[in-house]
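Participant: Contents are mmCIF, C-alpha atoms; file name start-v4.cif:
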data_upload
loop_
_atom_site.label_atom_id
_atom_site.label_comp_id
_atom_site.auth_asym_id
_atom_site.auth_seq_id
_atom_site.Cartn_x
_atom_site.Cartn_y
_atom_site.Cartn_z
CA MET T 87 63.93 14.08 -57.19
CA LEU T 88 63.92 17.60 -55.78
CA THR T 89 67.03 19.27 -54.38
CA PHE T 90 67.41 22.52 -52.49
CA ASP T 91 70.24 24.44 -50.87
CA SER T 92 69.42 26.28 -47.69
CA HIS T 93 71.63 28.78 -45.90
CA SER T 94 69.57 29.29 -42.72
CA PRO T 95 66.87 27.60 -40.63
CA GLU T 96 64.42 30.25 -41.91
CA GLN T 97 65.19 29.30 -45.48
CA THR T 98 64.74 25.59 -44.65
CA GLU T 99 61.32 26.46 -43.23
CA GLU T 100 60.42 28.37 -46.38
CA ILE T 101 61.48 25.44 -48.61
CA ALA T 102 59.33 23.10 -46.50
CA LYS T 103 56.37 25.48 -46.60
CA GLU T 104 56.42 25.45 -50.42
CA PHE T 105 56.96 21.67 -50.51
CA ALA T 106 53.95 21.14 -48.19
CA LYS T 107 51.64 22.34 -50.97
CA LYS T 108 52.58 19.24 -52.97
CA LEU T 109 51.63 16.82 -50.17
CA LEU T 110 48.50 14.67 -50.25
CA PRO T 111 46.49 13.12 -47.39
CA GLY T 112 48.14 9.86 -46.29
CA ASP T 113 51.66 10.89 -47.33
CA VAL T 114 54.55 9.77 -45.12
CA VAL T 115 57.56 12.10 -45.05
CA ALA T 116 60.60 10.33 -43.60
CA PHE T 117 63.65 12.32 -42.54
CA THR T 118 67.22 11.14 -42.55
CA GLY T 119 70.11 13.26 -41.34
CA GLY T 120 71.74 13.69 -37.98
CA MET T 121 71.15 15.81 -34.92
CA GLY T 122 70.78 19.52 -35.60
CA ALA T 123 70.33 19.09 -39.35
CA GLY T 124 67.06 20.99 -39.27
CA LYS T 125 64.38 18.31 -39.26
CA THR T 126 62.24 20.21 -36.77
CA ALA T 127 62.69 23.46 -38.74
CA PHE T 128 61.58 21.61 -41.87
CA THR T 129 58.53 20.24 -40.03
CA ARG T 130 57.70 23.75 -38.80
CA GLY T 131 57.62 24.79 -42.46
CA LEU T 132 55.37 21.83 -43.29
CA ALA T 133 52.98 22.85 -40.51
CA GLU T 134 52.85 26.40 -41.89
CA GLY T 135 52.30 25.19 -45.44
CA LEU T 136 49.56 22.78 -44.36
CA GLN T 137 47.98 25.51 -42.18
CA VAL T 138 47.58 23.14 -39.23
CA SER T 139 47.11 24.57 -35.75
CA GLY T 140 49.58 24.53 -32.89
CA GLU T 141 53.21 25.51 -32.31
CA VAL T 142 55.62 22.86 -33.65
CA ALA T 143 57.88 21.44 -30.96
CA SER T 144 60.26 18.49 -31.00
CA PRO T 145 58.39 15.21 -30.38
CA THR T 146 61.45 13.58 -28.78
CA PHE T 147 59.76 13.15 -25.43
CA ALA T 148 56.14 12.57 -26.51
CA LEU T 149 57.16 10.36 -29.51
CA VAL T 150 54.35 11.95 -31.53
CA ASN T 151 52.80 15.41 -31.65
CA GLU T 152 49.49 15.99 -33.40
CA TYR T 153 48.67 19.20 -35.25
CA PRO T 154 45.00 19.19 -36.29
CA GLY T 155 44.16 20.37 -39.80
CA ARG T 156 41.44 22.80 -40.76
CA PRO T 157 38.04 21.22 -41.52
CA GLY T 158 38.44 19.06 -44.62
CA ARG T 159 42.24 19.48 -44.64
CA PRO T 160 44.79 16.88 -43.46
CA SER T 161 46.30 16.94 -40.00
CA LEU T 162 50.05 16.69 -39.41
CA TYR T 163 51.47 13.95 -37.18
CA HIS T 164 55.09 14.54 -36.19
CA PHE T 165 56.97 11.46 -34.96
CA ASP T 166 60.41 11.05 -33.46
CA MET T 167 61.63 7.44 -33.72
CA TYR T 168 64.93 8.05 -31.92
CA ARG T 169 63.92 5.76 -29.05
CA ILE T 170 62.01 3.25 -31.20
CA THR T 171 64.18 0.20 -31.80
CA SER T 172 61.77 -2.61 -32.72
CA SER T 173 58.50 -3.33 -34.51
CA ASP T 174 56.96 -3.99 -31.08
CA ASP T 175 57.94 -0.49 -29.93
CA LEU T 176 56.55 0.96 -33.13
CA TYR T 177 53.21 -0.87 -32.73
CA THR T 178 52.83 0.65 -29.26
CA THR T 179 53.23 4.20 -30.61
CA GLY T 180 50.05 3.69 -32.64
CA PHE T 181 52.09 4.47 -35.81
CA PHE T 182 50.11 1.96 -37.88
CA ASP T 183 46.83 3.47 -36.73
CA TYR T 184 48.03 6.96 -37.71
CA LEU T 185 48.77 5.66 -41.23
CA ASP T 186 45.03 5.12 -41.69
CA GLU T 187 44.00 8.55 -40.42
CA GLY T 188 44.35 10.31 -43.79
CA GLY T 189 46.77 12.85 -42.34
CA ILE T 190 50.39 13.59 -43.22
CA LEU T 191 53.09 11.87 -41.18
CA ALA T 192 56.48 13.53 -40.69
CA VAL T 193 58.93 11.02 -39.23
CA GLU T 194 62.26 11.97 -37.66
CA TRP T 195 64.91 9.26 -37.24
CA SER T 196 63.05 7.16 -39.80
CA GLU T 197 66.22 5.01 -40.13
CA ASN T 198 65.04 3.22 -36.98
CA ILE T 199 61.81 2.01 -38.60
CA ALA T 200 63.09 1.56 -42.16
CA ASN T 201 61.49 -1.89 -42.48
CA ASP T 202 58.07 -0.65 -41.41
CA LEU T 203 57.77 2.42 -43.63
CA PRO T 204 55.10 2.13 -46.34
CA ASP T 205 56.34 1.54 -49.91
CA ASN T 206 55.34 5.00 -51.14
CA THR T 207 57.23 6.90 -48.41
CA ILE T 208 58.73 10.27 -49.38
CA THR T 209 62.27 10.67 -48.03
CA VAL T 210 63.76 14.01 -47.06
CA ASP T 211 67.50 13.92 -46.51
CA ILE T 212 69.06 16.99 -44.93
CA ALA T 213 72.85 16.99 -45.28
CA VAL T 214 74.97 19.47 -43.29
CA THR T 215 77.28 21.18 -45.79
CA GLY T 216 78.41 24.14 -43.66
CA GLU T 217 77.66 25.84 -40.37
CA ASN T 218 74.35 27.16 -41.67
CA ASP T 219 74.30 25.42 -45.03
CA ARG T 220 72.13 22.42 -45.77
CA HIS T 221 71.61 20.35 -48.90
CA ILE T 222 68.06 18.97 -48.98
CA THR T 223 67.13 16.00 -51.19
CA ILE T 224 63.48 14.91 -51.55
CA LYS T 225 62.68 11.58 -53.21
CA GLY T 226 59.96 8.95 -53.49
CA GLY T 227 56.21 8.80 -53.09
CA GLY T 228 56.05 7.95 -56.80
CA ARG T 229 56.08 11.67 -57.60
CA PHE T 230 59.44 13.11 -56.53
CA MET V 1321 21.02 -11.76 -18.46
CA ASN V 1322 21.88 -8.57 -20.38
CA ILE V 1323 25.41 -8.02 -21.65
CA LEU V 1324 26.80 -4.72 -22.92
CA ALA V 1325 29.29 -5.61 -25.64
CA ILE V 1326 31.81 -3.29 -27.30
CA ASP V 1327 34.27 -3.53 -30.15
CA SER V 1328 36.83 -1.00 -31.37
CA SER V 1329 39.52 -3.42 -32.48
CA ALA V 1330 39.82 -2.00 -36.01
CA LYS V 1331 38.40 0.97 -37.93
CA ALA V 1332 34.75 0.28 -37.10
CA ALA V 1333 33.29 0.88 -33.64
CA SER V 1334 30.30 -0.94 -32.25
CA ALA V 1335 28.23 -1.22 -29.07
CA ALA V 1336 25.41 -3.68 -28.44
CA ILE V 1337 23.16 -5.15 -25.78
CA VAL V 1338 22.60 -8.89 -26.07
CA CYS V 1339 20.73 -11.39 -23.90
CA GLU V 1340 20.41 -15.20 -24.12
CA LYS V 1341 17.59 -15.01 -26.64
CA ALA V 1342 18.33 -11.99 -28.81
CA VAL V 1343 20.43 -9.05 -29.90
CA LEU V 1344 18.42 -6.28 -28.21
CA ALA V 1345 20.24 -3.24 -29.57
CA GLU V 1346 23.31 -2.49 -31.65
CA PHE V 1347 25.08 0.63 -32.96
CA ASN V 1348 27.76 0.39 -35.64
CA LEU V 1349 29.97 3.19 -36.93
CA ASN V 1350 32.42 2.83 -39.79
CA VAL V 1351 33.23 6.43 -40.66
CA LYS V 1352 36.88 6.80 -39.56
CA LEU V 1353 36.01 8.81 -36.45
CA THR V 1354 38.22 8.46 -33.40
CA HIS V 1355 37.05 5.64 -31.11
CA SER V 1356 38.06 7.66 -28.05
CA GLN V 1357 35.39 10.18 -29.00
CA THR V 1358 32.64 7.85 -30.22
CA LEU V 1359 32.72 4.66 -28.16
CA MET V 1360 31.45 5.94 -24.79
CA PRO V 1361 28.66 8.08 -26.33
CA MET V 1362 27.66 4.97 -28.34
CA CYS V 1363 27.43 2.88 -25.15
CA LYS V 1364 25.37 5.57 -23.46
CA GLN V 1365 23.10 5.99 -26.48
CA VAL V 1366 22.55 2.29 -27.09
CA LEU V 1367 21.34 1.98 -23.50
CA ALA V 1368 19.21 5.12 -23.74
CA CYS V 1369 17.54 4.08 -27.01
CA ALA V 1370 16.78 0.63 -25.60
CA GLU V 1371 15.45 2.34 -22.41
CA PHE V 1372 17.96 0.45 -20.31
CA ASP V 1373 19.59 1.72 -17.14
CA TRP V 1374 23.10 0.73 -16.07
CA GLU V 1375 21.40 -1.43 -13.39
CA ASP V 1376 19.93 -3.57 -16.18
CA ILE V 1377 23.40 -4.59 -17.40
CA ASP V 1378 24.86 -7.76 -15.88
CA GLY V 1379 28.23 -7.89 -17.57
CA ILE V 1380 30.63 -6.29 -20.06
CA ALA V 1381 32.03 -8.10 -23.10
CA VAL V 1382 34.83 -6.63 -25.19
CA SER V 1383 37.03 -7.54 -28.16
CA LYS V 1384 40.40 -7.98 -26.50
CA GLY V 1385 42.55 -8.45 -29.60
CA PRO V 1386 44.40 -8.94 -31.79
CA GLY V 1387 43.87 -5.69 -33.65
CA SER V 1388 44.79 -2.02 -33.79
CA PHE V 1389 46.90 -1.03 -30.77
CA THR V 1390 45.03 2.23 -30.20
CA GLY V 1391 41.65 0.63 -30.85
CA LEU V 1392 42.20 -2.25 -28.44
CA ARG V 1393 43.38 0.06 -25.68
CA ILE V 1394 40.35 2.29 -26.10
CA GLY V 1395 37.94 -0.66 -26.10
CA VAL V 1396 39.47 -2.45 -23.15
CA ALA V 1397 39.90 0.79 -21.17
CA ALA V 1398 36.22 1.65 -21.77
CA ALA V 1399 35.16 -1.85 -20.65
CA LYS V 1400 37.39 -1.65 -17.58
CA GLY V 1401 36.04 1.77 -16.63
CA ILE V 1402 32.39 0.77 -16.87
CA ALA V 1403 32.94 -2.58 -15.15
CA PHE V 1404 35.01 -1.06 -12.34
CA ALA V 1405 32.42 1.65 -11.63
CA ARG V 1406 29.58 -0.88 -11.37
CA SER V 1407 31.56 -3.93 -10.15
CA LEU V 1408 30.46 -5.88 -13.22
CA PRO V 1409 32.04 -9.13 -14.43
CA CYS V 1410 33.91 -8.96 -17.75
CA VAL V 1411 34.68 -11.31 -20.60
CA GLY V 1412 37.39 -10.50 -23.13
CA VAL V 1413 36.71 -12.19 -26.46
CA SER V 1414 39.25 -12.91 -29.19
CA THR V 1415 38.53 -10.40 -31.96
CA LEU V 1416 38.99 -13.21 -34.50
CA ARG V 1417 36.52 -15.50 -32.77
CA ALA V 1418 33.99 -12.66 -32.58
CA LEU V 1419 34.45 -12.09 -36.33
CA ALA V 1420 33.69 -15.78 -36.97
CA TYR V 1421 30.47 -15.31 -34.98
CA ASN V 1422 29.34 -12.88 -37.72
CA LEU V 1423 28.95 -16.01 -39.88
CA LEU V 1424 27.12 -18.23 -37.39
CA GLY V 1425 24.62 -20.35 -39.33
CA PHE V 1426 26.85 -20.62 -42.41
CA GLU V 1427 28.28 -24.05 -43.34
CA GLY V 1428 32.02 -24.27 -44.01
CA VAL V 1429 35.07 -22.58 -42.52
CA ALA V 1430 35.26 -19.02 -41.18
CA CYS V 1431 38.72 -17.63 -41.90
CA ALA V 1432 38.97 -14.47 -39.76
CA VAL V 1433 41.66 -12.14 -41.07
CA MET V 1434 42.73 -8.71 -39.83
CA ASP V 1435 45.24 -6.66 -41.78
CA ALA V 1436 48.55 -6.66 -39.89
CA ARG V 1437 50.39 -4.87 -42.76
CA ARG V 1438 53.30 -5.89 -44.96
CA GLY V 1439 51.38 -8.83 -46.42
CA GLN V 1440 50.57 -10.28 -43.02
CA VAL V 1441 47.28 -10.91 -41.28
CA TYR V 1442 46.14 -11.84 -37.79
CA ASN V 1443 44.23 -15.04 -38.40
CA GLY V 1444 41.96 -17.54 -36.66
CA MET V 1445 40.13 -20.44 -38.34
CA PHE V 1446 36.78 -21.79 -37.21
CA SER V 1447 34.57 -24.55 -38.54
CA LEU V 1448 30.93 -23.54 -39.00
CA HIS V 1449 28.45 -26.38 -38.80
CA GLY V 1450 24.85 -26.83 -37.64
CA GLY V 1451 24.74 -23.34 -36.15
CA ASN V 1452 27.84 -24.02 -34.06
CA LEU V 1453 31.39 -22.78 -34.23
CA THR V 1454 34.53 -24.84 -33.51
CA ARG V 1455 38.02 -23.34 -33.32
CA LEU V 1456 40.50 -24.98 -35.71
CA CYS V 1457 43.72 -23.15 -34.72
CA SER V 1458 45.04 -20.64 -32.19
CA ASP V 1459 44.99 -16.94 -33.06
CA ARG V 1460 48.20 -16.20 -34.94
CA ALA V 1461 50.00 -13.79 -37.25
CA ILE V 1462 50.67 -15.30 -40.67
CA SER V 1463 51.65 -14.08 -44.15
CA VAL V 1464 48.87 -14.05 -46.73
CA ALA V 1465 50.99 -16.35 -48.94
CA GLU V 1466 51.35 -18.94 -46.16
CA LEU V 1467 47.65 -18.75 -45.37
CA LYS V 1468 46.83 -19.33 -49.02
CA GLN V 1469 49.03 -22.42 -49.02
CA GLU V 1470 47.22 -23.76 -45.96
CA LEU V 1471 43.80 -23.13 -47.45
CA SER V 1472 44.61 -24.61 -50.87
CA PRO V 1473 43.74 -28.26 -50.11
CA MET V 1474 40.42 -27.41 -48.42
CA LYS V 1475 37.28 -28.89 -49.88
CA VAL V 1476 34.63 -26.86 -48.03
CA PRO V 1477 33.60 -23.24 -48.59
CA VAL V 1478 35.96 -20.85 -46.79
CA PHE V 1479 34.53 -17.45 -45.86
CA LEU V 1480 36.97 -14.56 -45.34
CA VAL V 1481 35.78 -12.20 -42.61
CA GLY V 1482 37.45 -9.14 -41.04
CA ASP V 1483 39.24 -6.06 -42.37
CA GLY V 1484 41.83 -8.28 -44.09
CA ALA V 1485 39.16 -10.03 -46.19
CA ASP V 1486 39.65 -7.82 -49.27
CA LEU V 1487 43.42 -8.17 -49.13
CA CYS V 1488 43.24 -11.99 -48.84
CA TYR V 1489 40.50 -12.37 -51.43
CA HIS V 1490 42.60 -10.43 -53.91
CA GLU V 1491 45.44 -12.96 -53.46
CA MET V 1492 43.17 -16.03 -53.42
CA GLN V 1493 40.79 -15.42 -56.31
CA ASP V 1494 42.01 -18.57 -58.05
CA LEU V 1495 40.76 -20.70 -55.13
CA SER V 1496 37.13 -21.24 -56.17
CA PHE V 1497 35.94 -22.24 -52.69
CA VAL V 1498 37.18 -19.03 -51.01
CA ARG V 1499 34.50 -16.39 -50.63
CA GLN V 1500 34.13 -13.05 -48.91
CA ALA V 1501 31.72 -12.54 -46.06
CA PRO V 1502 28.69 -10.40 -46.98
CA VAL V 1503 29.54 -6.70 -46.78
CA HIS V 1504 27.30 -6.16 -43.72
CA SER V 1505 29.08 -8.99 -41.88
CA VAL V 1506 32.71 -8.37 -42.82
CA ASN V 1507 33.60 -5.97 -39.98
CA ALA V 1508 33.69 -6.69 -36.26
CA ARG V 1509 30.31 -6.22 -34.57
CA ALA V 1510 29.61 -5.83 -30.88
CA ALA V 1511 26.59 -8.17 -31.16
CA SER V 1512 28.97 -10.96 -32.20
CA VAL V 1513 31.30 -10.11 -29.33
CA GLY V 1514 28.36 -10.34 -26.92
CA LEU V 1515 27.09 -13.62 -28.35
CA ALA V 1516 30.60 -15.12 -28.27
CA ALA V 1517 30.93 -14.07 -24.61
CA LEU V 1518 27.51 -15.27 -23.41
CA PRO V 1519 28.51 -18.89 -22.62
CA ALA V 1520 31.35 -17.60 -20.42
CA PHE V 1521 28.95 -15.32 -18.53
CA ILE V 1522 26.45 -18.16 -18.06
CA THR V 1523 29.10 -20.54 -16.70
CA GLY V 1524 30.73 -17.81 -14.58
CA GLN V 1525 34.05 -17.85 -16.47
CA THR V 1526 34.44 -14.09 -16.09
CA VAL V 1527 37.21 -11.76 -14.94
CA SER V 1528 37.15 -8.54 -12.92
CA ALA V 1529 37.75 -5.10 -14.41
CA LYS V 1530 41.28 -5.26 -13.02
CA GLU V 1531 42.01 -8.65 -14.60
CA LEU V 1532 40.66 -7.73 -18.04
CA MET V 1533 43.59 -7.25 -20.43
CA PRO V 1534 44.11 -6.75 -24.15
CA THR V 1535 45.91 -9.52 -26.06
CA TYR V 1536 48.36 -8.27 -28.65
CA LEU V 1537 49.81 -10.76 -31.10
CA ARG V 1538 53.45 -10.28 -31.90
CA LEU V 1539 54.24 -10.25 -35.61
CA PRO V 1540 56.86 -12.68 -36.91
CA GLN V 1541 59.37 -9.90 -37.67
CA ALA V 1542 58.96 -8.47 -34.16
CA GLU V 1543 59.64 -11.90 -32.72
CA ARG V 1544 62.75 -12.22 -34.90
CA GLU V 1545 63.99 -8.79 -33.78
CA ARG V 1546 63.42 -9.74 -30.14
CA LEU V 1547 65.48 -12.92 -30.50
CA GLU V 1548 68.27 -11.04 -32.28
CA ARG V 1549 68.31 -8.46 -29.48
CA GLN V 1550 68.44 -11.17 -26.81
CA GLN V 1551 71.33 -12.89 -28.59
CA GLN V 1552 73.16 -9.56 -28.88
CA GLU V 1553 72.64 -8.84 -25.16
CA HIS V 1554 73.82 -12.35 -24.38
CA LYS V 1555 76.96 -11.72 -26.40
CA ASP V 1556 77.50 -8.32 -24.79
CA ASN V 1557 77.23 -9.86 -21.33
CA ALA V 1558 79.49 -12.83 -22.10
#
Would you write out, as structure tokens, the structure that this file holds?
Facilitator:
Amino acid sequence: MLTFDSHSPEQTEEIAKEFAKKLLPGDVVAFTGGMGAGKTAFTRGLAEGLQVSGEVASPTFALVNEYPGRPGRPSLYHFDMYRITSSDDLYTTGFFDYLDEGGILAVEWSENIANDLPDNTITVDIAVTGENDRHITIKGGGRF
Amino acid sequence: MNILAIDSSAKAASAAIVCEKAVLAEFNLNVKLTHSQTLMPMCKQVLACAEFDWEDIDGIAVSKGPGSFTGLRIGVAAAKGIAFARSLPCVGVSTLRALAYNLLGFEGVACAVMDARRGQVYNGMFSLHGGNLTRLCSDRAISVAELKQELSPMKVPVFLVGDGADLCYHEMQDLSFVRQAPVHSVNARAASVGLAALPAFITGQTVSAKELMPTYLRLPQAERERLERQQQEHKDNA
């Protein structure tokens, strides 16, 4: 288990950027933690660390945003499951197809698809401990 | 009669031209490239290499499911697009039945299995005898454990075919009559889709581009969730 304390969105991004170096193709990173906890900031850090292209934006509307990796490096697929409430919904996002792409999946509101997450999912919990303070706990994937 | 057949129901993509007497041309790709970028060039190339024009094609056959959501939509959309442009008749073939066609000429049972995750497979069973194929059950989603139980009393050779073959074989190694399809026949092939569709083209049991639709199979847990939701809504409305 890894734990971090962040005191600003910038620091959350920096923590994520460092953490990204430990990720392997096919990893699923599932976020828990409410609105405004900093899931998108964390994902922005992941994108920087993985050196994928494109500006990270919230996938709330599109359900999934794709950030292509450099040649030979994994891409980042950023999901928001806020509106996904059943396995049928999930199937129609192509989530299961993305799992086979050899990229890295970052999943916001992963609580909604808890039953469909792969066994080796890495969970990132971001707890709000103050106005700008966050306690980040990373577990799972057989390595954290 | 020349049929252009396509399959992108799982990780492999395939395009073929078949007629009543032969498989005239076939391209297969199994290199994890995106179907949306490979399937149409494959169709174009398979025609070009065979020196066929679009006028030489009399119908479009496609794997209509079950399978990967993205893959099925790409395959069926490609088939619809081509058929609509040229007003060609279409036949959508069960992916599982097409997989069983890979084993035409074998004797025994073709057990077509596609990985549906969490220990479940999409499955169809077909008897193989005298160069013919007979369906034994409807396409369904079933757990590997349940499938194993069903297969246990069988006395004839059972051949696992499809991208779930490895997964099932691993769980069924103690059943001596269960075998894996040869490696070159384990994935979906457009030639099999075309051959499975031919009788329907010959007897005119075709649909238009507009009527052609993918068939998704709902997994048991999705069905359970749906019922729970309906019951909850019923309660909320009461």
Participant: Find the residues around Gln1500 (chain V) up to 9 Å (only C-alpha atoms counted), leave out those fewer than 2 positions away in its own chain, and share them as JSON, numbers by chain.
Facilitator: {"V": [1478, 1479, 1480, 1481, 1485, 1486, 1489, 1498, 1502, 1503, 1506]}
Participant: From the list V:Lys1468, V:Arg1509, V:His1504, V:Arg1499, which residue is nearest Ser1383 (chain V) when using only C-alpha atoms?
Facilitator: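 Of V:Lys1468, V:Arg1509, V:His1504, V:Arg1499, the one nearest Ser1383 (chain V), counting only C-alpha atoms, is V:Arg1509.
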Participant: For chain V against chain T, which residues fall within 8 Å using only C-alpha atoms, given as a VMD selection string?
Facilitator: chain V and resid 1352 1388 to 1390 1438 1538 1541 to 1542 1545 to 1546
Participant: Could you tell me which residues the PyMOL selection byres ((chain V and resi 1533) around 12) grabs in this file, written as a PDB file with C-alpha atoms, keeping the file's coordinate frame?
Facilitator:
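Saved to part_36.pdb:
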ATOM      1  CA  ALA V1381      32.030  -8.100 -23.100  1.00  0.00           C
ATOM      2  CA  VAL V1382      34.830  -6.630 -25.190  1.00  0.00           C
ATOM      3  CA  SER V1383      37.030  -7.540 -28.160  1.00  0.00           C
ATOM      4  CA  LYS V1384      40.400  -7.980 -26.500  1.00  0.00           C
ATOM      5  CA  GLY V1385      42.550  -8.450 -29.600  1.00  0.00           C
ATOM      6  CA  PRO V1386      44.400  -8.940 -31.790  1.00  0.00           C
ATOM      7  CA  LEU V1392      42.200  -2.250 -28.440  1.00  0.00           C
ATOM      8  CA  ARG V1393      43.380   0.060 -25.680  1.00  0.00           C
ATOM      9  CA  ILE V1394      40.350   2.290 -26.100  1.00  0.00           C
ATOM     10  CA  GLY V1395      37.940  -0.660 -26.100  1.00  0.00           C
ATOM     11  CA  VAL V1396      39.470  -2.450 -23.150  1.00  0.00           C
ATOM     12  CA  ALA V1397      39.900   0.790 -21.170  1.00  0.00           C
ATOM     13  CA  ALA V1398      36.220   1.650 -21.770  1.00  0.00           C
ATOM     14  CA  ALA V1399      35.160  -1.850 -20.650  1.00  0.00           C
ATOM     15  CA  LYS V1400      37.390  -1.650 -17.580  1.00  0.00           C
ATOM     16  CA  CYS V1410      33.910  -8.960 -17.750  1.00  0.00           C
ATOM     17  CA  VAL V1411      34.680 -11.310 -20.600  1.00  0.00           C
ATOM     18  CA  GLY V1412      37.390 -10.500 -23.130  1.00  0.00           C
ATOM     19  CA  VAL V1413      36.710 -12.190 -26.460  1.00  0.00           C
ATOM     20  CA  SER V1414      39.250 -12.910 -29.190  1.00  0.00           C
ATOM     21  CA  VAL V1527      37.210 -11.760 -14.940  1.00  0.00           C
ATOM     22  CA  SER V1528      37.150  -8.540 -12.920  1.00  0.00           C
ATOM     23  CA  ALA V1529      37.750  -5.100 -14.410  1.00  0.00           C
ATOM     24  CA  LYS V1530      41.280  -5.260 -13.020  1.00  0.00           C
ATOM     25  CA  GLU V1531      42.010  -8.650 -14.600  1.00  0.00           C
ATOM     26  CA  LEU V1532      40.660  -7.730 -18.040  1.00  0.00           C
ATOM     27  CA  PRO V1534      44.110  -6.750 -24.150  1.00  0.00           C
ATOM     28  CA  THR V1535      45.910  -9.520 -26.060  1.00  0.00           C
ATOM     29  CA  TYR V1536      48.360  -8.270 -28.650  1.00  0.00           C
TER      30      TYR V1536
END
Participant: In Å, with one decimal, what is the gap from CA of Glu134 (chain T) to CA of Thr98 (chain T)?
Facilitator: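 One can read the CA of Glu134 (chain T) to CA of Thr98 (chain T) distance as 12.2 Å.
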Participant: Work out how far apart CA of Lys225 (chain T) and CA of Phe117 (chain T) are and give it in Å to one decimal.
Facilitator: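 Taking CA of Lys225 (chain T) and CA of Phe117 (chain T), their separation equals 10.7 Å.
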Participant: Taking (55.6, 14.3, -39.6) as a centre in this file's frame and 10 Å as the limit, can you find every polymer residue with an atom that close, using all atoms listed in the file, and give them as a PyMOL selection string?
Facilitator: chain T and resi 113-117+125-126+128-130+132-133+145+150-153+161-166+189-194
Participant: Take the residues just selected and output them with C-alpha atoms as a PDB file, in the frame of the given file.
Facilitator:
ATOM      1  CA  ASP T 113      51.660  10.890 -47.330  1.00  0.00           C
ATOM      2  CA  VAL T 114      54.550   9.770 -45.120  1.00  0.00           C
ATOM      3  CA  VAL T 115      57.560  12.100 -45.050  1.00  0.00           C
ATOM      4  CA  ALA T 116      60.600  10.330 -43.600  1.00  0.00           C
ATOM      5  CA  PHE T 117      63.650  12.320 -42.540  1.00  0.00           C
ATOM      6  CA  LYS T 125      64.380  18.310 -39.260  1.00  0.00           C
ATOM      7  CA  THR T 126      62.240  20.210 -36.770  1.00  0.00           C
ATOM      8  CA  PHE T 128      61.580  21.610 -41.870  1.00  0.00           C
ATOM      9  CA  THR T 129      58.530  20.240 -40.030  1.00  0.00           C
ATOM     10  CA  ARG T 130      57.700  23.750 -38.800  1.00  0.00           C
ATOM     11  CA  LEU T 132      55.370  21.830 -43.290  1.00  0.00           C
ATOM     12  CA  ALA T 133      52.980  22.850 -40.510  1.00  0.00           C
ATOM     13  CA  PRO T 145      58.390  15.210 -30.380  1.00  0.00           C
ATOM     14  CA  VAL T 150      54.350  11.950 -31.530  1.00  0.00           C
ATOM     15  CA  ASN T 151      52.800  15.410 -31.650  1.00  0.00           C
ATOM     16  CA  GLU T 152      49.490  15.990 -33.400  1.00  0.00           C
ATOM     17  CA  TYR T 153      48.670  19.200 -35.250  1.00  0.00           C
ATOM     18  CA  SER T 161      46.300  16.940 -40.000  1.00  0.00           C
ATOM     19  CA  LEU T 162      50.050  16.690 -39.410  1.00  0.00           C
ATOM     20  CA  TYR T 163      51.470  13.950 -37.180  1.00  0.00           C
ATOM     21  CA  HIS T 164      55.090  14.540 -36.190  1.00  0.00           C
ATOM     22  CA  PHE T 165      56.970  11.460 -34.960  1.00  0.00           C
ATOM     23  CA  ASP T 166      60.410  11.050 -33.460  1.00  0.00           C
ATOM     24  CA  GLY T 189      46.770  12.850 -42.340  1.00  0.00           C
ATOM     25  CA  ILE T 190      50.390  13.590 -43.220  1.00  0.00           C
ATOM     26  CA  LEU T 191      53.090  11.870 -41.180  1.00  0.00           C
ATOM     27  CA  ALA T 192      56.480  13.530 -40.690  1.00  0.00           C
ATOM     28  CA  VAL T 193      58.930  11.020 -39.230  1.00  0.00           C
ATOM     29  CA  GLU T 194      62.260  11.970 -37.660  1.00  0.00           C
TER      30      GLU T 194
END
Participant: To one decimal place in Å, what is the distance between CA of Asn1507 (chain V) and CA of Leu1353 (chain V)?
Facilitator: 15.4 Å
Participant: Which polymer residues have any atom within 12 Å of an atom of region 1519-1525 of chain V, counting all atoms listed in the file, with same-chain residues fewer than 6 positions away left out, as a list in words?
Facilitator: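 What passes the distance filter is Met1321, Asn1322, Ile1323, Leu1324, Val1338, Cys1339, Glu1340, Asp1378, Gly1379, Ile1380, Ala1381, Leu1408, Pro1409, Cys1410, Val1411, Gly1412, Val1413 and Val1513 of chain V.
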Participant: Quick one: everything within 8 Å of region 1359-1370 of chain V, counting all atoms listed in the file, minus sequence neighbours fewer than 4 positions away in the same chain. Send it as a PyMOL selection string.
Facilitator: chain V and resi 1324+1326+1328+1333-1337+1344-1347+1355+1374+1395+1398
Participant: Output requested as a PDB file, in the frame of the given file - region 124-128 of chain T, filled out with N, CA and C atoms.
Facilitator:
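Resulting contents of part23.pdb:
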ATOM      1  N   GLY T 124      68.164  20.084 -38.965  1.00  0.00           N
ATOM      2  CA  GLY T 124      67.060  20.990 -39.270  1.00  0.00           C
ATOM      3  C   GLY T 124      65.749  20.289 -39.571  1.00  0.00           C
ATOM      4  N   LYS T 125      65.611  19.080 -39.007  1.00  0.00           N
ATOM      5  CA  LYS T 125      64.380  18.310 -39.260  1.00  0.00           C
ATOM      6  C   LYS T 125      63.173  18.997 -38.632  1.00  0.00           C
ATOM      7  N   THR T 126      63.365  19.537 -37.435  1.00  0.00           N
ATOM      8  CA  THR T 126      62.240  20.210 -36.770  1.00  0.00           C
ATOM      9  C   THR T 126      61.905  21.515 -37.488  1.00  0.00           C
ATOM     10  N   ALA T 127      62.938  22.229 -37.966  1.00  0.00           N
ATOM     11  CA  ALA T 127      62.690  23.460 -38.740  1.00  0.00           C
ATOM     12  C   ALA T 127      61.899  23.133 -40.002  1.00  0.00           C
ATOM     13  N   PHE T 128      62.283  22.039 -40.663  1.00  0.00           N
ATOM     14  CA  PHE T 128      61.580  21.610 -41.870  1.00  0.00           C
ATOM     15  C   PHE T 128      60.115  21.304 -41.546  1.00  0.00           C
TER      16      PHE T 128
END
